[in-house]
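Enquirer: The structure file upload-v3.txt (compact mmCIF, C-alpha atoms) is provided below.
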# COMPACT_ATOMS: atom_id res chain seq x y z
CA MET W 149 -27.38 -26.40 1.68
CA CYS W 150 -26.50 -29.83 3.02
CA TYR W 151 -23.56 -32.00 2.04
CA CYS W 152 -22.84 -35.62 2.90
CA TYR W 153 -19.29 -35.44 4.20
CA PHE W 154 -17.50 -36.99 7.17
CA GLY W 155 -19.89 -39.94 6.98
CA ASP W 156 -22.52 -37.62 8.47
CA LYS W 157 -24.26 -34.43 7.43
CA MET W 158 -22.40 -31.16 7.19
CA ASN W 159 -24.57 -28.11 6.71
CA THR W 160 -23.55 -24.86 5.05
CA GLN W 161 -25.22 -21.49 5.16
CA TYR W 162 -24.44 -17.84 4.39
CA ILE W 163 -24.47 -15.26 7.16
CA GLU W 164 -23.48 -11.69 6.37
CA GLY W 165 -21.46 -12.76 3.33
CA ASN W 166 -19.58 -15.55 5.13
CA LEU W 167 -19.95 -19.26 4.47
CA ILE W 168 -20.62 -21.19 7.67
CA LEU W 169 -20.10 -24.93 8.08
CA THR W 170 -21.74 -26.69 10.99
CA ASP W 171 -21.62 -30.27 12.32
CA THR W 172 -17.90 -30.44 11.59
CA GLU W 173 -16.76 -32.67 14.43
CA HIS W 174 -14.36 -34.60 12.17
CA ILE W 175 -12.12 -31.71 11.19
CA ASN W 176 -9.81 -29.56 13.29
CA ILE W 177 -8.64 -26.53 11.34
CA PRO W 178 -5.68 -25.55 13.59
CA LEU W 179 -4.36 -29.11 13.50
CA CYS W 180 -4.78 -29.42 9.73
CA LEU W 181 -2.98 -26.16 9.01
CA ASP W 182 -0.21 -26.45 11.59
CA CYS W 183 0.89 -30.08 11.56
CA GLY W 184 3.75 -29.78 9.08
CA GLN W 185 2.00 -30.48 5.79
CA ALA W 186 1.46 -26.88 4.57
CA PHE W 187 3.58 -23.77 5.10
CA ARG W 188 1.53 -20.72 4.08
CA TRP W 189 -0.94 -20.45 6.96
CA LYS W 190 -0.74 -18.12 9.95
CA GLU W 191 -2.99 -17.80 12.99
CA THR W 192 -3.91 -14.30 14.11
CA GLU W 193 -4.46 -13.24 17.70
CA ASN W 194 -8.23 -13.66 17.41
CA GLY W 195 -7.97 -17.27 16.24
CA ILE W 196 -8.50 -16.57 12.54
CA TRP W 197 -6.28 -18.56 10.18
CA GLN W 198 -5.09 -16.73 7.08
CA GLY W 199 -3.34 -18.16 4.06
CA ILE W 200 -3.13 -18.46 0.31
CA ALA W 201 -3.80 -21.73 -1.48
CA CYS W 202 -4.96 -22.66 -4.95
CA GLY W 203 -4.25 -19.08 -6.04
CA LYS W 204 -6.80 -17.70 -3.57
CA SER W 205 -6.56 -15.91 -0.25
CA LEU W 206 -8.64 -17.42 2.55
CA SER W 207 -9.45 -16.50 6.14
CA LEU W 208 -11.29 -18.99 8.32
CA LYS W 209 -12.00 -19.67 11.96
CA GLN W 210 -13.24 -22.69 13.87
CA GLU W 211 -15.39 -22.43 16.98
CA GLU W 212 -16.32 -25.86 18.33
CA ASN W 213 -18.20 -27.62 15.50
CA LYS W 214 -18.62 -24.50 13.37
CA ILE W 215 -16.17 -23.24 10.76
CA THR W 216 -16.51 -19.78 9.20
CA PHE W 217 -15.05 -19.18 5.75
CA PHE W 218 -14.89 -15.40 5.64
CA LYS W 219 -15.99 -13.67 2.41
CA THR W 220 -16.03 -16.98 0.53
CA THR W 221 -18.35 -17.59 -2.40
CA GLU W 222 -20.30 -20.79 -2.80
CA GLU W 223 -18.43 -21.40 -6.07
CA ASP W 224 -15.00 -21.13 -4.43
CA PHE W 225 -16.10 -23.39 -1.59
CA GLU W 226 -17.39 -26.07 -3.95
CA THR W 227 -14.58 -25.88 -6.52
CA LEU W 228 -11.59 -25.19 -4.26
CA TRP W 229 -12.04 -25.64 -0.53
CA ILE W 230 -14.01 -28.89 -0.47
CA LYS W 231 -11.14 -30.51 -2.34
CA TYR W 232 -8.38 -28.68 -0.47
CA PHE W 233 -9.65 -29.77 2.96
CA ASP W 234 -10.49 -33.27 1.65
CA LEU W 235 -14.05 -32.88 2.87
CA GLU W 236 -15.55 -35.65 0.76
CA ARG W 237 -13.46 -38.37 2.37
CA ASP W 238 -15.00 -40.26 5.29
CA TYR W 239 -12.28 -39.93 7.91
CA GLU W 240 -14.51 -41.29 10.65
CA LYS W 241 -14.78 -44.58 8.78
CA ILE W 242 -11.04 -44.68 8.04
CA LEU W 243 -9.89 -43.91 11.57
CA SER W 244 -12.37 -46.33 13.13
CA SER W 245 -10.83 -49.10 11.01
CA TYR W 246 -7.45 -48.62 12.71
CA ASP W 247 -7.23 -51.39 15.31
CA GLU W 248 -3.61 -50.97 16.41
CA GLU W 249 -3.02 -49.58 19.91
CA ASN W 250 -0.58 -46.76 19.11
CA LEU W 251 -2.62 -45.58 16.15
CA ILE W 252 -5.76 -45.52 18.25
CA THR W 253 -3.93 -43.42 20.85
CA ALA W 254 -2.58 -41.00 18.23
CA CYS W 255 -5.99 -40.53 16.60
CA LYS W 256 -7.67 -39.88 19.94
CA ALA W 257 -4.95 -37.44 21.01
CA TYR W 258 -5.27 -35.28 17.87
CA PRO W 259 -8.72 -35.79 16.36
CA GLY W 260 -9.60 -33.88 13.23
CA ILE W 261 -6.36 -33.94 11.23
CA ARG W 262 -7.06 -34.26 7.51
CA ILE W 263 -4.66 -34.45 4.58
CA LEU W 264 -4.71 -31.18 2.65
CA LYS W 265 -4.94 -31.50 -1.15
CA GLN W 266 -2.47 -28.86 -2.23
CA ASP W 267 -1.39 -27.72 -5.68
CA GLU W 268 0.95 -30.35 -7.11
CA TRP W 269 3.70 -27.92 -8.14
CA GLU W 270 3.54 -26.01 -4.86
CA ALA W 271 3.84 -29.26 -2.91
CA ILE W 272 6.88 -30.40 -4.91
CA CYS W 273 8.65 -27.06 -4.56
CA SER W 274 7.73 -26.62 -0.88
CA PHE W 275 9.08 -30.02 0.12
CA ILE W 276 12.27 -29.47 -1.87
CA ILE W 277 12.68 -26.37 0.29
CA SER W 278 11.86 -28.41 3.42
CA ALA W 279 14.84 -30.76 3.02
CA ASN W 280 17.20 -30.50 6.01
CA ASN W 281 15.31 -27.46 7.21
CA ASN W 282 13.08 -26.34 10.08
CA ILE W 283 9.50 -25.11 9.76
CA PRO W 284 10.07 -21.40 10.61
CA ARG W 285 12.84 -21.18 8.00
CA ILE W 286 10.80 -23.15 5.43
CA LYS W 287 7.94 -20.69 5.87
CA GLY W 288 10.29 -17.73 5.52
CA ILE W 289 11.85 -19.02 2.28
CA ILE W 290 8.45 -19.77 0.76
CA GLU W 291 7.10 -16.38 1.80
CA ARG W 292 10.05 -14.61 0.13
CA LEU W 293 9.67 -16.79 -2.96
CA CYS W 294 6.03 -15.77 -3.31
CA GLU W 295 6.59 -12.09 -2.52
CA ASN W 296 9.33 -11.79 -5.14
CA PHE W 297 8.04 -14.03 -7.92
CA GLY W 298 4.33 -14.63 -7.30
CA GLU W 299 1.36 -12.56 -8.43
CA LYS W 300 -0.10 -9.93 -6.10
CA ILE W 301 -3.66 -10.65 -4.99
CA ASP W 302 -5.85 -9.44 -2.14
CA GLY W 303 -4.24 -10.80 1.01
CA GLY W 304 -0.78 -11.52 -0.34
CA TYR W 305 0.97 -13.27 -3.22
CA THR W 306 0.31 -16.46 -5.14
CA PHE W 307 2.84 -19.27 -5.36
CA PRO W 308 4.94 -18.62 -8.50
CA SER W 309 4.35 -20.97 -11.42
CA PRO W 310 7.10 -23.27 -12.69
CA GLU W 311 7.08 -21.27 -15.94
CA LYS W 312 7.86 -18.08 -14.01
CA LEU W 313 10.78 -19.68 -12.19
CA ALA W 314 12.10 -21.68 -15.15
CA ILE W 315 13.41 -18.56 -16.91
CA LEU W 316 15.45 -17.53 -13.87
CA GLU W 317 19.02 -18.43 -13.02
CA VAL W 318 20.06 -19.83 -9.66
CA GLU W 319 21.58 -16.47 -8.73
CA ASP W 320 18.19 -14.79 -9.15
CA LEU W 321 16.92 -16.75 -6.15
CA SER W 322 19.55 -15.36 -3.80
CA ILE W 323 16.89 -12.93 -2.54
CA ILE W 324 14.88 -15.77 -0.97
CA ARG W 325 17.94 -17.08 0.93
CA SER W 326 17.27 -20.75 0.22
CA GLY W 327 20.93 -21.77 0.05
CA PHE W 328 21.77 -24.95 -1.86
CA ARG W 329 18.07 -25.54 -2.53
CA ALA W 330 17.97 -22.76 -5.15
CA LYS W 331 19.49 -24.98 -7.84
CA TYR W 332 16.91 -27.68 -7.06
CA ILE W 333 14.02 -25.20 -7.32
CA ILE W 334 15.23 -24.05 -10.75
CA ASP W 335 15.75 -27.64 -11.94
CA ALA W 336 12.26 -28.62 -10.81
CA ALA W 337 10.70 -25.58 -12.48
CA ARG W 338 12.47 -26.24 -15.77
CA LYS W 339 11.71 -29.94 -15.91
CA ILE W 340 8.04 -29.40 -15.08
CA SER W 341 7.49 -26.38 -17.34
CA SER W 342 9.14 -28.20 -20.26
CA GLY W 343 7.05 -31.32 -19.74
CA GLU W 344 10.08 -33.50 -19.02
CA VAL W 345 8.29 -34.24 -15.77
CA ASP W 346 4.59 -34.29 -16.65
CA LEU W 347 2.36 -33.57 -13.66
CA GLU W 348 -0.80 -34.56 -15.53
CA LYS W 349 0.63 -37.97 -16.42
CA ILE W 350 1.77 -38.50 -12.85
CA LYS W 351 -1.86 -38.22 -11.72
CA SER W 352 -2.79 -41.35 -13.66
CA MET W 353 0.37 -43.39 -13.02
CA ASP W 354 0.61 -46.22 -10.54
CA PHE W 355 2.37 -45.25 -7.34
CA GLU W 356 5.89 -46.50 -8.09
CA ASN W 357 5.99 -45.00 -11.57
CA ALA W 358 4.65 -41.70 -10.23
CA LYS W 359 7.35 -41.65 -7.59
CA ASN W 360 10.07 -42.50 -10.12
CA GLU W 361 8.88 -39.65 -12.33
CA LEU W 362 9.34 -37.19 -9.47
CA LEU W 363 12.76 -38.64 -8.67
CA LYS W 364 13.97 -37.26 -12.03
CA ILE W 365 14.10 -33.84 -10.35
CA LYS W 366 17.33 -32.91 -8.62
CA GLY W 367 16.78 -32.51 -4.92
CA VAL W 368 13.82 -34.89 -4.90
CA GLY W 369 14.66 -38.00 -2.96
CA GLU W 370 12.44 -40.67 -1.47
CA LYS W 371 11.01 -38.49 1.31
CA VAL W 372 10.31 -35.43 -0.85
CA ALA W 373 8.69 -37.60 -3.53
CA GLN W 374 6.47 -39.29 -0.95
CA CYS W 375 5.49 -35.90 0.54
CA ALA W 376 4.65 -34.49 -2.89
CA LEU W 377 2.53 -37.51 -3.75
CA LEU W 378 0.66 -37.37 -0.44
CA TYR W 379 0.11 -33.64 0.00
CA GLY W 380 0.03 -32.61 -3.66
CA PHE W 381 -1.40 -35.54 -5.59
CA GLY W 382 -3.65 -36.92 -2.86
CA ARG W 383 -2.02 -40.36 -2.92
CA MET W 384 -3.04 -41.66 0.48
CA GLU W 385 -0.83 -44.73 0.15
CA ALA W 386 2.27 -42.51 0.36
CA PHE W 387 4.24 -42.81 3.60
CA PRO W 388 6.88 -40.07 3.98
CA VAL W 389 9.65 -40.99 6.40
CA ASP W 390 11.63 -38.30 8.20
CA VAL W 391 13.66 -38.62 11.40
CA TRP W 392 10.50 -38.69 13.55
CA VAL W 393 8.68 -41.26 11.44
CA LYS W 394 11.82 -43.38 11.13
CA ARG W 395 12.01 -43.44 14.92
CA ILE W 396 8.32 -44.33 15.20
CA VAL W 397 8.64 -47.21 12.74
CA SER W 398 11.80 -48.61 14.33
CA GLU W 399 10.39 -48.43 17.86
CA LEU W 400 6.74 -49.32 17.32
CA TYR W 401 6.67 -51.32 14.10
CA PRO W 402 9.98 -53.17 13.71
CA ASN W 403 8.18 -56.01 11.93
CA GLY W 404 6.32 -53.78 9.50
CA LEU W 405 3.44 -51.32 9.43
CA PRO W 406 0.01 -52.46 10.67
CA GLU W 407 -2.13 -54.13 8.02
CA CYS W 408 -5.09 -51.95 8.99
CA ILE W 409 -3.56 -48.83 7.40
CA LYS W 410 -3.08 -50.34 3.94
CA GLY W 411 -4.28 -47.83 1.35
CA THR W 412 -4.35 -44.97 3.86
CA GLU W 413 -0.75 -45.05 5.04
CA GLY W 414 -0.40 -41.30 4.59
CA ILE W 415 -3.29 -40.52 6.92
CA ALA W 416 -1.90 -42.85 9.58
CA GLN W 417 1.55 -41.34 9.16
CA GLN W 418 0.25 -37.82 9.78
CA TYR W 419 -1.42 -38.83 13.03
CA LEU W 420 1.60 -40.81 14.24
CA PHE W 421 4.00 -38.00 13.26
CA HIS W 422 2.06 -35.27 15.04
CA TRP W 423 1.41 -37.41 18.12
CA ARG W 424 4.98 -38.58 18.56
CA ARG W 425 6.43 -35.13 17.88
CA ASN W 426 4.31 -33.61 20.63
CA ILE W 427 4.37 -36.15 23.43
For this file, produce the structure as structure tokens.
Expert:
Amino acid sequence: MCYCYFGDKMNTQYIEGNLILTDTEHINIPLCLDCGQAFRWKETENGIWQGIACGKSLSLKQEENKITFFKTTEEDFETLWIKYFDLERDYEKILSSYDEENLITACKAYPGIRILKQDEWEAICSFIISANNNIPRIKGIIERLCENFGEKIDGGYTFPSPEKLAILEVEDLSIIRSGFRAKYIIDAARKISSGEVDLEKIKSMDFENAKNELLKIKGVGEKVAQCALLYGFGRMEAFPVDVWVKRIVSELYPNGLPECIKGTEGIAQQYLFHWRRNI
């Protein structure tokens, strides 16, 4: 099989029940899964990344320009993982259009970051949990949430649906040790499961209206709404601002963001965030 992704050709083949991608020079799996946009992935000692997304367990490993999706069917790859890893977007074209010095440096320092297209509800709930929190604790809370209220599948537990959480009381979430965020999780679950906040309608709204719809949820402020729109709804014009990004903007772009990132602000933000956080 041969797919036209990355602006080039990416070939797929099956070897001993595993799906193999080759010619993948424009994606870096460790960077994608460990740059602060998703919280359910772990790297094992042998370099295999394991996680659960889209209700499915996945193990994969990258070796140079080859990525192995272990025990993955062609159907799952085409219906789930192509979308999840944003493989149909031409990142080479996008990044080559960035003509601002700091952006060029950031993209060269960490090539291969892509924006993951996560489940909308999971993204909303995860970034509510992320507020005023650190990544190890975020991961722990989400893991306990899934273990206690998700569905058991091979490899772990699914992310619990809003309907499952909506019938709970705040006290029921004491087991996940999320602190003040518990009441926000329940509020989000109830508003989404009831249709008061309609995720399907948000998909077709213009950006400001979509953001305002998410702001109806307690615990969702500007940053969480922007994160949910970027990582859950695939709105690449979103530009989440945390303490790191605020510092970047004030120091590097006091007169406004570069014109070259218009329409792909979220991609630029991810590169700048990861670069500045690690230098």
Enquirer: Hey, can I get the axis-aligned box for segment 287-301 of chain W? All listed atoms, 5 Å padding on each side, centre and edge lengths in Å to one decimal, as JSON.
Expert:
{"center_x": 4.1, "center_y": -15.3, "center_z": -1.3, "size_x": 25.5, "size_y": 20.8, "size_z": 24.3}
Enquirer: Can you work out which one of W:Ile177, W:Cys408, W:Leu321, W:Leu420 has the shortest atom-to-atom distance to Arg395 of chain W, counting only C-alpha atoms?
Expert: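 Of all the options, W:Leu420 lies closest to Arg395 of chain W.
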Enquirer: So that I can check the surroundings of segment 309-316 of chain W, please list as a ChimeraX atom specification every protein, DNA and RNA residue that reaches within 12 Å of it, counting all atoms listed in the file and ignoring chain neighbours fewer than 3 positions away.
Expert: /W:202-203,267-273,293-294,296-299,305-306,319-322,330-343,345-347
Enquirer: Which residue out of W:Gln161, W:Leu167, W:Ala386, W:Lys219 has the minimum interatomic distance to Ile415 of chain W when all atoms listed in the file are used?
Expert: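 Smallest separation from Ile415 of chain W among the options: W:Ala386.
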Enquirer: Enter the distance from atom CA of Arg383 of chain W to atom CA of Glu356 of chain W, in Å, rounded to one decimal.
Expert: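 Pair atom CA of Arg383 of chain W / atom CA of Glu356 of chain W returns 11.3 Å.
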Enquirer: I'd like the contact shell of Glu191 of chain W - 12 Å cut-off, all atoms listed in the file, skipping same-chain residues fewer than 2 positions apart - returned as a list in words.
Expert: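 Contacts, with the query itself left out: Ile177, Pro178, Leu179, Leu181, Asp182, Phe187, Arg188, Trp189, Glu193, Asn194, Gly195, Ile196, Trp197, Gln198, Gly199, Leu206, Ser207, Leu208, Lys209 and Gln210 of chain W.
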Enquirer: Take the residues from that selection and write them out as a PDB file, in the coordinates of the input, keeping C-alpha atoms.
Expert:
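Once written, selection.pdb looks like this:
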ATOM      1  CA  ILE W 177      -8.640 -26.530  11.340  1.00  0.00           C
ATOM      2  CA  PRO W 178      -5.680 -25.550  13.590  1.00  0.00           C
ATOM      3  CA  LEU W 179      -4.360 -29.110  13.500  1.00  0.00           C
ATOM      4  CA  LEU W 181      -2.980 -26.160   9.010  1.00  0.00           C
ATOM      5  CA  ASP W 182      -0.210 -26.450  11.590  1.00  0.00           C
ATOM      6  CA  PHE W 187       3.580 -23.770   5.100  1.00  0.00           C
ATOM      7  CA  ARG W 188       1.530 -20.720   4.080  1.00  0.00           C
ATOM      8  CA  TRP W 189      -0.940 -20.450   6.960  1.00  0.00           C
ATOM      9  CA  GLU W 193      -4.460 -13.240  17.700  1.00  0.00           C
ATOM     10  CA  ASN W 194      -8.230 -13.660  17.410  1.00  0.00           C
ATOM     11  CA  GLY W 195      -7.970 -17.270  16.240  1.00  0.00           C
ATOM     12  CA  ILE W 196      -8.500 -16.570  12.540  1.00  0.00           C
ATOM     13  CA  TRP W 197      -6.280 -18.560  10.180  1.00  0.00           C
ATOM     14  CA  GLN W 198      -5.090 -16.730   7.080  1.00  0.00           C
ATOM     15  CA  GLY W 199      -3.340 -18.160   4.060  1.00  0.00           C
ATOM     16  CA  LEU W 206      -8.640 -17.420   2.550  1.00  0.00           C
ATOM     17  CA  SER W 207      -9.450 -16.500   6.140  1.00  0.00           C
ATOM     18  CA  LEU W 208     -11.290 -18.990   8.320  1.00  0.00           C
ATOM     19  CA  LYS W 209     -12.000 -19.670  11.960  1.00  0.00           C
ATOM     20  CA  GLN W 210     -13.240 -22.690  13.870  1.00  0.00           C
TER      21      GLN W 210
END
Enquirer: Excluding Asp354 of chain W and residues on its chain fewer than 5 positions from it, collect all residues at most 12 Å away from it, counting all atoms listed in the file, and give them as a list in words.
Expert: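 Residues near the query, excluding close chain neighbours: Lys349, Lys359, Asn360, Glu361, Leu377, Phe381, Arg383, Glu385 and Ala386 of chain W.
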Enquirer: Kindly give the distance, in Å, that separates atom CA of Ile175 of chain W and atom CA of Ile427 of chain W, rounded to a single decimal.
Expert: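 Result for atom CA of Ile175 of chain W versus atom CA of Ile427 of chain W: 21.0 Å, one decimal.
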Enquirer: Could you please determine the separation between atom CA of Gly327 of chain W and atom CA of Ile289 of chain W in Å, to one decimal place?
Expert: 9.7 Å
Enquirer: Find the nearest atom pair between each residue of segment 153-251 of chain W and segment 398-404 of chain W for residues within 12 Å, count only C-alpha atoms, give distances in Å to one decimal, sort rows by chain and ascending number, and present the table as a Markdown table.
Expert:
| residue | atom | partner | partner_atom | distance |
| --- | --- | --- | --- | --- |
| W:Glu248 | CA | W:Leu400 | CA | 10.5 |
| W:Glu249 | CA | W:Leu400 | CA | 10.1 |
| W:Asn250 | CA | W:Leu400 | CA | 8.0 |
| W:Leu251 | CA | W:Leu400 | CA | 10.1 |
Enquirer: Determine the nearest neighbour of Lys231 of chain W from the options W:Gln266, W:Gln185, W:Asn159, W:Asn357, counting all atoms listed in the file.
Expert: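 That would be W:Gln266, the residue with the smallest distance to Lys231 of chain W.
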Enquirer: Could you check which residues have any atom within 10 Å of (2.3, -38.5, 9.9), counting all atoms listed in the file with coordinates taken straight from the file, and then list them as a PDB file with C-alpha atoms, in the frame of the given file?
Expert:
ATOM      1  CA  CYS W 183       0.890 -30.080  11.560  1.00  0.00           C
ATOM      2  CA  GLY W 184       3.750 -29.780   9.080  1.00  0.00           C
ATOM      3  CA  GLN W 185       2.000 -30.480   5.790  1.00  0.00           C
ATOM      4  CA  ALA W 254      -2.580 -41.000  18.230  1.00  0.00           C
ATOM      5  CA  ILE W 261      -6.360 -33.940  11.230  1.00  0.00           C
ATOM      6  CA  ILE W 263      -4.660 -34.450   4.580  1.00  0.00           C
ATOM      7  CA  PHE W 387       4.240 -42.810   3.600  1.00  0.00           C
ATOM      8  CA  PRO W 388       6.880 -40.070   3.980  1.00  0.00           C
ATOM      9  CA  VAL W 389       9.650 -40.990   6.400  1.00  0.00           C
ATOM     10  CA  ASP W 390      11.630 -38.300   8.200  1.00  0.00           C
ATOM     11  CA  TRP W 392      10.500 -38.690  13.550  1.00  0.00           C
ATOM     12  CA  VAL W 393       8.680 -41.260  11.440  1.00  0.00           C
ATOM     13  CA  ILE W 396       8.320 -44.330  15.200  1.00  0.00           C
ATOM     14  CA  GLU W 413      -0.750 -45.050   5.040  1.00  0.00           C
ATOM     15  CA  GLY W 414      -0.400 -41.300   4.590  1.00  0.00           C
ATOM     16  CA  ILE W 415      -3.290 -40.520   6.920  1.00  0.00           C
ATOM     17  CA  ALA W 416      -1.900 -42.850   9.580  1.00  0.00           C
ATOM     18  CA  GLN W 417       1.550 -41.340   9.160  1.00  0.00           C
ATOM     19  CA  GLN W 418       0.250 -37.820   9.780  1.00  0.00           C
ATOM     20  CA  TYR W 419      -1.420 -38.830  13.030  1.00  0.00           C
ATOM     21  CA  LEU W 420       1.600 -40.810  14.240  1.00  0.00           C
ATOM     22  CA  PHE W 421       4.000 -38.000  13.260  1.00  0.00           C
ATOM     23  CA  HIS W 422       2.060 -35.270  15.040  1.00  0.00           C
ATOM     24  CA  TRP W 423       1.410 -37.410  18.120  1.00  0.00           C
ATOM     25  CA  ARG W 424       4.980 -38.580  18.560  1.00  0.00           C
ATOM     26  CA  ARG W 425       6.430 -35.130  17.880  1.00  0.00           C
TER      27      ARG W 425
END
Enquirer: Name all residues at most 10 Å from Lys287 of chain W (count only C-alpha atoms; drop same-chain ones fewer than 2 positions away) and give them as a ChimeraX atom specification.
Expert: /W:186-190,274,277-278,282-285,289-293
Enquirer: Compare W:Asn213, W:Thr170, W:Asn280, W:Thr192 by their minimum atom-to-atom distance to Gly367 of chain W, counting all atoms listed in the file, and give me the closest one.
Expert: W:Asn280
Enquirer: Considering all atoms listed in the file, can you say which of W:Ile168, W:Ile242, W:Leu264, W:Ile230 comes closest to Lys410 of chain W?
Expert: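 The closest residue to Lys410 of chain W is W:Ile242.
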Enquirer: Looking at all atoms listed in the file, which of W:Glu240, W:Asp247, W:Glu226, W:Glu173 is the one that sits closest to Glu211 of chain W?
Expert: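 Ranking W:Glu240, W:Asp247, W:Glu226, W:Glu173 by distance to Glu211 of chain W, first place goes to W:Glu173.
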